[in-house]
Amino acid sequence: MIARFWTAKTSPAQASVYADHLKNQVLVTLRKVDGYVGARLLEREASDGVEIVVITFWRSLDSIRKFAGADPEKAVVSDEIVPLLLQYDRQVRHYEVVVEDDV
């Protein structure tokens, strides 16, 4: 399994708007992609905003390409969400999941 990491920063007022966008638009789309396994949204308050980490889980890089296109390292960020973000990664990072512990 592959974990795909993307990070961004937003304002405290926009963090819940981003979470709603992820739940109601992005995840709906991802669930239709063969090879998508799941996702997590992490938030952390910082002095200059709210840090966001989105981790999606995939069976393979080929599965990720079905969502992200030919360059799986390129972040997929919709034009409508960009104004909510103070900064965001243009590139994502992929990691092979080597140990899992779901209790």
# chains A, B, ... in the order shown; residues from 1 in each chain; ligands from 1
call {"tool": "select_by_dssp", "arguments": {"residues": "region 8-76 of chain A", "states": "strand (DSSP E)", "output": "list of chain:residue names"}}
result
A:Ala8, A:Lys9, A:Thr10, A:Tyr36, A:Val37, A:Gly38, A:Ala39, A:Arg40, A:Leu41, A:Leu42, A:Glu43, A:Arg44, A:Glu45, A:Ala46, A:Gly49, A:Val50, A:Glu51, A:Ile52, A:Val53, A:Val54, A:Ile55, A:Thr56, A:Phe57, A:Trp58
call {"tool": "write_last_selection", "arguments": {"atoms": "C-alpha atoms", "output": "short mmCIF file (atom, residue, chain, number, x, y, z; two decimals), in the first residue's frame"}}
result
data_model
loop_
_atom_site.label_atom_id
_atom_site.label_comp_id
_atom_site.auth_asym_id
_atom_site.auth_seq_id
_atom_site.Cartn_x
_atom_site.Cartn_y
_atom_site.Cartn_z
CA ALA A 8 -1.20 23.04 3.38
CA LYS A 9 -1.89 25.91 5.72
CA THR A 10 -5.15 27.80 6.12
CA TYR A 36 -8.22 4.01 -3.49
CA VAL A 37 -8.13 2.56 0.03
CA GLY A 38 -8.89 5.46 2.40
CA ALA A 39 -7.87 8.85 3.75
CA ARG A 40 -7.06 10.85 6.87
CA LEU A 41 -7.18 14.60 7.47
CA LEU A 42 -4.90 15.90 10.21
CA GLU A 43 -4.93 19.45 11.59
CA ARG A 44 -2.64 21.32 13.93
CA GLU A 45 -3.05 24.84 15.21
CA ALA A 46 -0.01 27.00 14.65
CA GLY A 49 -2.80 29.42 10.93
CA VAL A 50 -3.91 25.83 10.83
CA GLU A 51 -1.59 23.24 9.34
CA ILE A 52 -3.35 20.56 7.29
CA VAL A 53 -2.03 17.14 6.36
CA VAL A 54 -4.03 14.97 3.98
CA ILE A 55 -2.98 11.34 3.72
CA THR A 56 -4.63 9.13 1.14
CA PHE A 57 -3.96 5.43 0.82
CA TRP A 58 -3.64 3.55 -2.45
#
call {"tool": "closest_residue", "arguments": {"among": "A:Val33, A:Val99, A:Leu84, A:Val77", "to": "Ala13 (chain A)", "atoms": "only C-alpha atoms"}}
result
A:Leu84
call {"tool": "atom_distance", "arguments": {"atom1": "CA of His21 (chain A)", "atom2": "CA of Arg65 (chain A)"}}
result
21.5 Å
call {"tool": "residues_around", "arguments": {"residues": "Gly35 (chain A)", "least_positions_apart": "6", "cutoff": "9 Å", "atoms": "only C-alpha atoms", "output": "list in words"}}
result
Phe57, Trp58, Arg59, Ser60, Asp62, Ser63, Ile64 and Lys66 of chain A
call {"tool": "closest_residue", "arguments": {"among": "A:Lys32, A:Glu80, A:Phe67, A:Leu61", "to": "Ile2 (chain A)", "atoms": "only C-alpha atoms"}}
result
A:Leu61
call {"tool": "closest_residue", "arguments": {"among": "A:Glu100, A:Trp6, A:Met1, A:Asp34", "to": "Tyr88 (chain A)", "atoms": "only C-alpha atoms"}}
result
A:Trp6
call {"tool": "select_by_dssp", "arguments": {"residues": "region 16-87 of chain A", "states": "alpha helix (DSSP H)", "output": "PyMOL selection string"}}
result
chain A and resi 16-21+27-30+61-68
